[in-house]
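Asks: Input structure: start_13.cif, which contains mmCIF, C-alpha atoms.
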```cif
data_data
#
loop_
_atom_site.group_PDB
_atom_site.id
_atom_site.type_symbol
_atom_site.label_atom_id
_atom_site.label_comp_id
_atom_site.auth_asym_id
_atom_site.auth_seq_id
_atom_site.Cartn_x
_atom_site.Cartn_y
_atom_site.Cartn_z
ATOM 1 C CA MET A 682 114.412 172.591 17.252
ATOM 2 C CA THR A 683 117.488 172.563 19.505
ATOM 3 C CA GLU A 684 120.818 171.100 18.512
ATOM 4 C CA PRO A 685 121.860 167.900 20.358
ATOM 5 C CA ASP A 686 124.565 168.394 23.008
ATOM 6 C CA ARG A 687 127.782 166.897 21.653
ATOM 7 C CA THR A 688 130.084 167.839 24.553
ATOM 8 C CA GLU A 689 131.278 165.202 26.989
ATOM 9 C CA PRO A 690 129.758 165.095 30.511
ATOM 10 C CA GLY A 691 131.716 167.392 32.793
ATOM 11 C CA ALA A 692 133.180 169.382 29.889
ATOM 12 C CA PRO A 693 132.554 173.139 29.682
ATOM 13 C CA GLY A 694 129.245 173.801 27.990
ATOM 14 C CA HIS A 695 127.788 170.342 28.681
ATOM 15 C CA VAL A 696 124.116 170.421 29.598
ATOM 16 C CA ALA A 697 122.668 167.326 31.289
ATOM 17 C CA ARG A 698 119.368 166.239 29.809
ATOM 18 C CA PRO A 699 116.880 163.611 30.961
ATOM 19 C CA PHE A 700 117.485 160.084 29.713
ATOM 20 C CA GLY A 701 115.981 159.544 26.321
ATOM 21 C CA THR A 702 117.002 162.961 25.006
ATOM 22 C CA ALA A 703 120.222 163.840 23.251
ATOM 23 C CA GLY A 704 123.130 163.760 25.681
ATOM 24 C CA GLY A 705 121.100 162.293 28.590
ATOM 25 C CA TRP A 706 122.489 159.582 30.886
ATOM 26 C CA PRO A 707 120.515 156.764 32.505
ATOM 27 C CA VAL A 708 119.783 156.976 36.206
ATOM 28 C CA ALA A 709 119.453 153.867 38.371
ATOM 29 C CA ASP A 710 117.231 153.988 41.444
ATOM 30 C CA LEU A 711 118.439 151.199 43.730
ATOM 31 C CA ASP A 712 116.763 149.946 46.882
ATOM 32 C CA PRO A 713 119.010 150.071 49.988
ATOM 33 C CA VAL A 714 120.072 146.386 49.803
ATOM 34 C CA ARG A 715 121.108 146.650 46.158
ATOM 35 C CA ARG A 716 122.908 149.906 46.912
ATOM 36 C CA LEU A 717 124.885 148.184 49.698
ATOM 37 C CA ARG A 718 125.856 145.372 47.304
ATOM 38 C CA VAL A 719 127.114 147.898 44.747
ATOM 39 C CA LEU A 720 129.190 149.860 47.279
ATOM 40 C CA ALA A 721 130.658 146.692 48.811
ATOM 41 C CA VAL A 722 131.946 145.591 45.393
ATOM 42 C CA GLY A 723 134.263 148.601 45.492
ATOM 43 C CA VAL A 724 135.859 147.568 48.806
ATOM 44 C CA ARG A 725 138.425 144.766 48.566
ATOM 45 C CA GLY A 726 137.787 142.051 51.139
ATOM 46 C CA ALA A 727 134.178 143.103 51.723
ATOM 47 C CA HIS A 728 131.530 140.413 51.819
ATOM 48 C CA VAL A 729 127.801 141.067 51.893
ATOM 49 C CA THR A 730 125.739 138.737 54.036
ATOM 50 C CA GLU A 731 122.144 138.906 52.955
ATOM 51 C CA GLY A 732 118.991 137.180 54.102
ATOM 52 C CA PHE A 733 115.230 137.284 54.339
ATOM 53 C CA VAL A 734 113.697 138.047 57.730
ATOM 54 C CA PRO A 735 110.032 137.027 58.132
ATOM 55 C CA ALA A 736 109.010 140.256 59.857
ATOM 56 C CA PRO A 737 107.625 143.563 58.565
ATOM 57 C CA TYR A 738 110.166 146.136 57.412
ATOM 58 C CA ASP A 739 109.077 148.692 60.066
ATOM 59 C CA ARG A 740 109.854 146.260 62.912
ATOM 60 C CA VAL A 741 113.169 145.165 61.406
ATOM 61 C CA TRP A 742 114.391 148.670 60.651
ATOM 62 C CA ALA A 743 113.364 149.934 64.090
ATOM 63 C CA LEU A 744 115.961 147.553 65.592
ATOM 64 C CA LEU A 745 118.699 148.281 63.055
ATOM 65 C CA ASP A 746 118.068 152.031 63.198
ATOM 66 C CA ASP A 747 118.648 152.148 66.972
ATOM 67 C CA LEU A 748 122.413 152.751 66.824
ATOM 68 C CA GLU A 749 122.820 153.368 70.547
ATOM 69 C CA GLY A 750 120.623 150.447 71.622
ATOM 70 C CA ASP A 751 119.566 147.361 69.670
ATOM 71 C CA PHE A 752 122.218 147.796 66.978
ATOM 72 C CA GLY A 753 124.880 146.727 69.488
ATOM 73 C CA ARG A 754 122.835 143.635 70.358
ATOM 74 C CA ILE A 755 122.725 142.658 66.679
ATOM 75 C CA VAL A 756 126.310 143.303 65.528
ATOM 76 C CA PRO A 757 128.485 140.775 67.416
ATOM 77 C CA ASP A 758 131.654 142.866 67.716
ATOM 78 C CA MET A 759 129.941 146.068 68.857
ATOM 79 C CA ARG A 760 130.015 146.703 72.598
ATOM 80 C CA ARG A 761 128.771 150.272 72.367
ATOM 81 C CA LEU A 762 128.046 152.873 69.742
ATOM 82 C CA ARG A 763 127.302 156.436 70.774
ATOM 83 C CA VAL A 764 126.035 159.055 68.328
ATOM 84 C CA VAL A 765 127.858 162.322 68.980
ATOM 85 C CA ARG A 766 126.414 164.413 66.132
ATOM 86 C CA ARG A 767 123.587 164.338 63.601
ATOM 87 C CA ASP A 768 122.890 166.643 60.711
ATOM 88 C CA GLY A 769 119.990 165.229 58.715
ATOM 89 C CA PRO A 770 121.163 161.858 57.423
ATOM 90 C CA ARG A 771 124.821 162.601 58.316
ATOM 91 C CA VAL A 772 125.988 160.830 61.487
ATOM 92 C CA GLU A 773 129.126 160.925 63.592
ATOM 93 C CA ALA A 774 129.524 158.234 66.236
ATOM 94 C CA LEU A 775 132.046 156.727 68.603
ATOM 95 C CA ALA A 776 132.258 152.941 68.632
ATOM 96 C CA ARG A 777 133.900 150.548 71.036
ATOM 97 C CA SER A 778 134.336 146.907 70.168
ATOM 98 C CA ARG A 779 134.086 143.966 72.522
ATOM 99 C CA TYR A 780 137.864 143.683 72.150
ATOM 100 C CA GLY A 781 138.496 147.243 73.389
ATOM 101 C CA MET A 782 139.204 148.907 70.037
ATOM 102 C CA ARG A 783 137.694 152.356 69.445
ATOM 103 C CA ALA A 784 136.712 154.166 66.282
ATOM 104 C CA GLY A 785 135.291 157.536 65.331
ATOM 105 C CA LEU A 786 132.759 156.769 62.612
ATOM 106 C CA ARG A 787 131.219 159.082 60.033
ATOM 107 C CA GLY A 788 128.567 158.290 57.513
ATOM 108 C CA GLU A 789 124.947 158.320 56.587
ATOM 109 C CA GLN A 790 121.845 156.862 58.180
ATOM 110 C CA ARG A 791 118.420 157.060 56.590
ATOM 111 C CA PRO A 792 115.429 154.704 56.405
ATOM 112 C CA GLY A 793 116.709 151.305 55.291
ATOM 113 C CA TRP A 794 120.318 152.430 55.073
ATOM 114 C CA CYS A 795 123.332 152.903 57.327
ATOM 115 C CA TRP A 796 126.925 153.250 56.113
ATOM 116 C CA LEU A 797 129.501 154.264 58.734
ATOM 117 C CA GLN A 798 133.257 154.247 58.370
ATOM 118 C CA SER A 799 136.425 155.380 60.032
ATOM 119 C CA ARG A 800 140.021 155.122 58.995
ATOM 120 C CA PHE A 801 140.110 151.495 60.198
ATOM 121 C CA LEU A 802 136.485 150.322 60.387
ATOM 122 C CA LEU A 803 133.523 149.949 58.045
ATOM 123 C CA ILE A 804 129.914 149.111 58.957
ATOM 124 C CA GLY A 805 127.186 148.813 56.344
ATOM 125 C CA VAL A 806 123.590 147.740 56.962
ATOM 126 C CA ALA A 807 120.585 147.886 54.657
ATOM 127 C CA ALA A 808 116.986 146.680 54.673
ATOM 128 C CA SER A 809 114.215 146.661 52.073
ATOM 129 C CA PRO A 810 110.633 145.401 52.229
ATOM 130 C CA GLU A 811 110.166 142.119 50.375
ATOM 131 C CA GLY A 812 106.744 140.531 50.218
ATOM 132 C CA THR A 813 105.524 139.918 53.772
ATOM 133 C CA GLY A 814 109.028 140.291 55.231
ATOM 134 C CA THR A 815 112.279 142.177 54.877
ATOM 135 C CA ARG A 816 115.483 141.648 52.910
ATOM 136 C CA VAL A 817 118.491 142.570 55.106
ATOM 137 C CA ALA A 818 122.182 142.920 54.207
ATOM 138 C CA PHE A 819 125.298 143.441 56.321
ATOM 139 C CA THR A 820 128.882 144.255 55.364
ATOM 140 C CA GLY A 821 131.842 145.620 57.227
ATOM 141 C CA GLY A 822 135.101 144.843 58.852
ATOM 142 C CA VAL A 823 138.500 146.170 59.794
ATOM 143 C CA ARG A 824 140.393 148.151 57.158
ATOM 144 C CA VAL A 825 143.996 147.458 56.291
ATOM 145 C CA PRO A 826 145.986 150.613 57.194
ATOM 146 C CA GLY A 827 147.037 152.505 54.087
ATOM 147 C CA ARG A 828 144.911 150.398 51.707
ATOM 148 C CA ALA A 829 141.300 150.442 50.542
ATOM 149 C CA ALA A 830 140.675 146.893 51.714
ATOM 150 C CA LEU A 831 139.101 145.018 54.600
ATOM 151 C CA VAL A 832 140.713 142.172 56.478
ATOM 152 C CA PRO A 833 138.645 139.269 55.126
ATOM 153 C CA LEU A 834 138.942 137.139 58.277
ATOM 154 C CA GLY A 835 135.628 136.614 60.034
ATOM 155 C CA VAL A 836 133.602 138.971 57.807
ATOM 156 C CA ARG A 837 131.208 136.240 56.628
ATOM 157 C CA ARG A 838 130.843 134.752 60.100
ATOM 158 C CA GLU A 839 130.083 138.155 61.656
ATOM 159 C CA GLY A 840 127.449 138.894 59.007
ATOM 160 C CA GLU A 841 125.770 135.528 59.542
ATOM 161 C CA ARG A 842 125.788 136.045 63.309
ATOM 162 C CA SER A 843 124.270 139.516 62.885
ATOM 163 C CA LEU A 844 121.479 138.074 60.759
ATOM 164 C CA ARG A 845 120.760 135.331 63.340
ATOM 165 C CA ARG A 846 120.772 137.832 66.217
ATOM 166 C CA LEU A 847 118.396 140.150 64.373
ATOM 167 C CA THR A 848 116.013 137.268 63.664
ATOM 168 C CA GLY A 849 116.232 136.191 67.319
ATOM 169 C CA LEU A 850 115.328 139.677 68.563
ATOM 170 C CA LEU A 851 112.222 139.730 66.371
#
```
Go through the file and emit its structure as structure tokens.
Replies:
Amino acid sequence: MTEPDRTEPGAPGHVARPFGTAGGWPVADLDPVRRLRVLAVGVRGAHVTEGFVPAPYDRVWALLDDLEGDFGRIVPDMRRLRVVRRDGPRVEALARSRYGMRAGLRGEQRPGWCWLQSRFLLIGVAASPEGTGTRVAFTGGVRVPGRAALVPLGVRREGERSLRRLTGLL
């Protein structure tokens, strides 16, 4: 019989074990919408707009996944988004807003999930199948320079508009 691991996680000599064994830690497997909610909690000023879209997940995600096309038709402030580099799920893109602002975004895009951010901008989108339709969530906004916060003005309105535009395109 082996001795239980009594060292703290991260300490020299610690051995991670599956949950349920001595020294193991629980692991949470979150769907993309729940994951977006959790990450948004850590960003001051972020608001998650969430809704049910009565269309199959594959159709919904096909629109949201098209960063250089339909994505700009869904997100109200986005005039253009151009992907400049991909490496698996890692994405680098250049964005231009309808108001002329530009941003170099970096992040991750995978089925049901897109999180892109720059020094001054954050865009988060997630989708998960739910019954006969799809649960969709949006977050994002303009960052306050020098602080880990978003300007809370218009965040809710933009998310609601994105949800309506997505539903209209379907």
Asks: Hey, what comes out of the PyMOL selection byres ((chain A and resi 782-790) around 9) on this file? Could you write it as an NGL selection string?
Replies: :A and (746 or 769-781 or 791-804)
Asks: Save out the residues we just selected, C-alpha atoms, as a CSV table (one decimal), keeping the file's coordinate frame.
Replies:
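Once everything was written out, this is again_1.csv:
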```csv
chain,number,residue,atom,x,y,z
A,746,ASP,CA,118.1,152.0,63.2
A,769,GLY,CA,120.0,165.2,58.7
A,770,PRO,CA,121.2,161.9,57.4
A,771,ARG,CA,124.8,162.6,58.3
A,772,VAL,CA,126.0,160.8,61.5
A,773,GLU,CA,129.1,160.9,63.6
A,774,ALA,CA,129.5,158.2,66.2
A,775,LEU,CA,132.0,156.7,68.6
A,776,ALA,CA,132.3,152.9,68.6
A,777,ARG,CA,133.9,150.5,71.0
A,778,SER,CA,134.3,146.9,70.2
A,779,ARG,CA,134.1,144.0,72.5
A,780,TYR,CA,137.9,143.7,72.2
A,781,GLY,CA,138.5,147.2,73.4
A,791,ARG,CA,118.4,157.1,56.6
A,792,PRO,CA,115.4,154.7,56.4
A,793,GLY,CA,116.7,151.3,55.3
A,794,TRP,CA,120.3,152.4,55.1
A,795,CYS,CA,123.3,152.9,57.3
A,796,TRP,CA,126.9,153.2,56.1
A,797,LEU,CA,129.5,154.3,58.7
A,798,GLN,CA,133.3,154.2,58.4
A,799,SER,CA,136.4,155.4,60.0
A,800,ARG,CA,140.0,155.1,59.0
A,801,PHE,CA,140.1,151.5,60.2
A,802,LEU,CA,136.5,150.3,60.4
A,803,LEU,CA,133.5,149.9,58.0
A,804,ILE,CA,129.9,149.1,59.0
```
Asks: Kindly indicate which residue among A:Ala727, A:Val823, A:Met759, A:Val806 lies nearest to A:Leu844, using all atoms listed in the file for the distances.
Replies: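 Residue with the minimum atom-to-atom distance to A:Leu844: A:Val806.
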Asks: Compare A:Asp710, A:Asp758, A:Glu749, A:Glu841 by their minimum atom-to-atom distance to A:Glu731, counting only C-alpha atoms, and give me the closest one.
Replies: A:Glu841
Asks: Determine the residue membership of the PyMOL selection byres ((chain A and resi 711) around 12) for the file above and supply it as number ranges by chain.
Replies: A: 708-710, 712-720, 793-794, 807-809
Asks: Can you spell out as a ChimeraX atom specification the set of residues that the PyMOL selection byres ((chain A and resi 842) around 12) selects in the structure I just provided?
Replies: /A:730-732,754-758,818-820,835-841,843-849
Asks: Identify the residues within 8 Å of coordinate (113.5, 138.3, 53.1) (same frame as the file), considering only C-alpha atoms, and give the answer as a compact mmCIF listing (two decimals) with C-alpha atoms, keeping the file's coordinate frame.
Replies:
```
# COMPACT_ATOMS: atom_id res chain seq x y z
CA GLY A 732 118.99 137.18 54.10
CA PHE A 733 115.23 137.28 54.34
CA VAL A 734 113.70 138.05 57.73
CA PRO A 735 110.03 137.03 58.13
CA PRO A 810 110.63 145.40 52.23
CA GLU A 811 110.17 142.12 50.38
CA GLY A 812 106.74 140.53 50.22
CA GLY A 814 109.03 140.29 55.23
CA THR A 815 112.28 142.18 54.88
CA ARG A 816 115.48 141.65 52.91
CA VAL A 817 118.49 142.57 55.11
```
Asks: Hey, can I get the axis-aligned box for stretch 753-769 of chain A? All listed atoms, 6 Å padding on each side, centre and edge lengths in Å to one decimal, as JSON.
Replies:
```
{"center_x": 125.8, "center_y": 153.7, "center_z": 65.7, "size_x": 23.7, "size_y": 37.9, "size_z": 25.9}
```
Asks: Name the residues in contact with A:Leu744 at a cut-off of 10 Å, using all atoms listed in the file, excluding same-chain residues fewer than 5 positions from it; report them as a VMD selection string.
Replies: chain A and resid 739 750 to 755 847 850 to 851
Asks: Could you write out the selected residues, including C-alpha atoms, as a CSV table (one decimal), keeping the file's coordinate frame?
Replies:
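Produced file result-v9.csv, reproduced below:
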```csv
chain,number,residue,atom,x,y,z
A,739,ASP,CA,109.1,148.7,60.1
A,750,GLY,CA,120.6,150.4,71.6
A,751,ASP,CA,119.6,147.4,69.7
A,752,PHE,CA,122.2,147.8,67.0
A,753,GLY,CA,124.9,146.7,69.5
A,754,ARG,CA,122.8,143.6,70.4
A,755,ILE,CA,122.7,142.7,66.7
A,847,LEU,CA,118.4,140.2,64.4
A,850,LEU,CA,115.3,139.7,68.6
A,851,LEU,CA,112.2,139.7,66.4
```
Asks: How far is it from atom CA of A:Leu762 to atom CA of A:Asp747, in Å with one decimal?
Replies: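 Atom-to-atom, atom CA of A:Leu762 to atom CA of A:Asp747, that is 9.8 Å.
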Asks: Which value, in Å to one decimal, gives the distance between atom CA of A:Val765 and atom CA of A:Leu745?
Replies: 17.8 Å
Asks: By how many Å are atom CA of A:Gly805 and atom CA of A:Val724 apart?
Replies: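 Interatomic distance here is 11.6 Å.
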Asks: Would you mind putting N, CA, C and O atoms back on stretch 778-792 of chain A and writing the result as a PDB file, in the coordinates of the input?
Replies:
```
ATOM      1  N   SER A 778     134.571 148.324  70.433  1.00  0.00           N
ATOM      2  CA  SER A 778     134.336 146.907  70.168  1.00  0.00           C
ATOM      3  C   SER A 778     134.420 146.094  71.453  1.00  0.00           C
ATOM      4  O   SER A 778     134.904 146.586  72.473  1.00  0.00           O
ATOM      5  N   ARG A 779     133.988 144.881  71.377  1.00  0.00           N
ATOM      6  CA  ARG A 779     134.086 143.966  72.522  1.00  0.00           C
ATOM      7  C   ARG A 779     135.536 143.666  72.868  1.00  0.00           C
ATOM      8  O   ARG A 779     135.838 143.191  73.940  1.00  0.00           O
ATOM      9  N   TYR A 780     136.439 143.951  71.938  1.00  0.00           N
ATOM     10  CA  TYR A 780     137.864 143.683  72.150  1.00  0.00           C
ATOM     11  C   TYR A 780     138.623 144.926  72.606  1.00  0.00           C
ATOM     12  O   TYR A 780     139.838 144.932  72.664  1.00  0.00           O
ATOM     13  N   GLY A 781     137.886 146.027  72.875  1.00  0.00           N
ATOM     14  CA  GLY A 781     138.496 147.243  73.389  1.00  0.00           C
ATOM     15  C   GLY A 781     138.901 148.273  72.353  1.00  0.00           C
ATOM     16  O   GLY A 781     139.300 149.376  72.704  1.00  0.00           O
ATOM     17  N   MET A 782     138.838 147.945  71.070  1.00  0.00           N
ATOM     18  CA  MET A 782     139.204 148.907  70.037  1.00  0.00           C
ATOM     19  C   MET A 782     138.149 150.008  69.948  1.00  0.00           C
ATOM     20  O   MET A 782     136.972 149.759  70.189  1.00  0.00           O
ATOM     21  N   ARG A 783     138.600 151.212  69.587  1.00  0.00           N
ATOM     22  CA  ARG A 783     137.694 152.356  69.445  1.00  0.00           C
ATOM     23  C   ARG A 783     137.803 152.920  68.037  1.00  0.00           C
ATOM     24  O   ARG A 783     138.847 152.813  67.409  1.00  0.00           O
ATOM     25  N   ALA A 784     136.710 153.538  67.607  1.00  0.00           N
ATOM     26  CA  ALA A 784     136.712 154.166  66.282  1.00  0.00           C
ATOM     27  C   ALA A 784     135.761 155.348  66.275  1.00  0.00           C
ATOM     28  O   ALA A 784     134.687 155.290  66.866  1.00  0.00           O
ATOM     29  N   GLY A 785     136.169 156.406  65.603  1.00  0.00           N
ATOM     30  CA  GLY A 785     135.291 157.536  65.331  1.00  0.00           C
ATOM     31  C   GLY A 785     134.710 157.322  63.940  1.00  0.00           C
ATOM     32  O   GLY A 785     135.443 157.313  62.956  1.00  0.00           O
ATOM     33  N   LEU A 786     133.416 157.096  63.871  1.00  0.00           N
ATOM     34  CA  LEU A 786     132.759 156.769  62.612  1.00  0.00           C
ATOM     35  C   LEU A 786     132.023 157.974  62.045  1.00  0.00           C
ATOM     36  O   LEU A 786     131.457 158.766  62.797  1.00  0.00           O
ATOM     37  N   ARG A 787     132.005 158.068  60.739  1.00  0.00           N
ATOM     38  CA  ARG A 787     131.219 159.082  60.033  1.00  0.00           C
ATOM     39  C   ARG A 787     130.483 158.386  58.909  1.00  0.00           C
ATOM     40  O   ARG A 787     130.992 157.446  58.324  1.00  0.00           O
ATOM     41  N   GLY A 788     129.298 158.878  58.623  1.00  0.00           N
ATOM     42  CA  GLY A 788     128.567 158.290  57.513  1.00  0.00           C
ATOM     43  C   GLY A 788     127.163 158.813  57.411  1.00  0.00           C
ATOM     44  O   GLY A 788     126.864 159.935  57.814  1.00  0.00           O
ATOM     45  N   GLU A 789     126.317 157.946  56.893  1.00  0.00           N
ATOM     46  CA  GLU A 789     124.947 158.320  56.587  1.00  0.00           C
ATOM     47  C   GLU A 789     123.983 157.260  57.122  1.00  0.00           C
ATOM     48  O   GLU A 789     124.230 156.068  57.002  1.00  0.00           O
ATOM     49  N   GLN A 790     122.900 157.742  57.698  1.00  0.00           N
ATOM     50  CA  GLN A 790     121.845 156.862  58.180  1.00  0.00           C
ATOM     51  C   GLN A 790     120.514 157.455  57.746  1.00  0.00           C
ATOM     52  O   GLN A 790     120.216 158.609  58.025  1.00  0.00           O
ATOM     53  N   ARG A 791     119.757 156.652  57.036  1.00  0.00           N
ATOM     54  CA  ARG A 791     118.420 157.060  56.590  1.00  0.00           C
ATOM     55  C   ARG A 791     117.572 155.807  56.568  1.00  0.00           C
ATOM     56  O   ARG A 791     118.100 154.721  56.749  1.00  0.00           O
ATOM     57  N   PRO A 792     116.273 155.907  56.372  1.00  0.00           N
ATOM     58  CA  PRO A 792     115.429 154.704  56.405  1.00  0.00           C
ATOM     59  C   PRO A 792     115.953 153.613  55.463  1.00  0.00           C
ATOM     60  O   PRO A 792     116.165 153.840  54.276  1.00  0.00           O
TER      61      PRO A 792
END
```
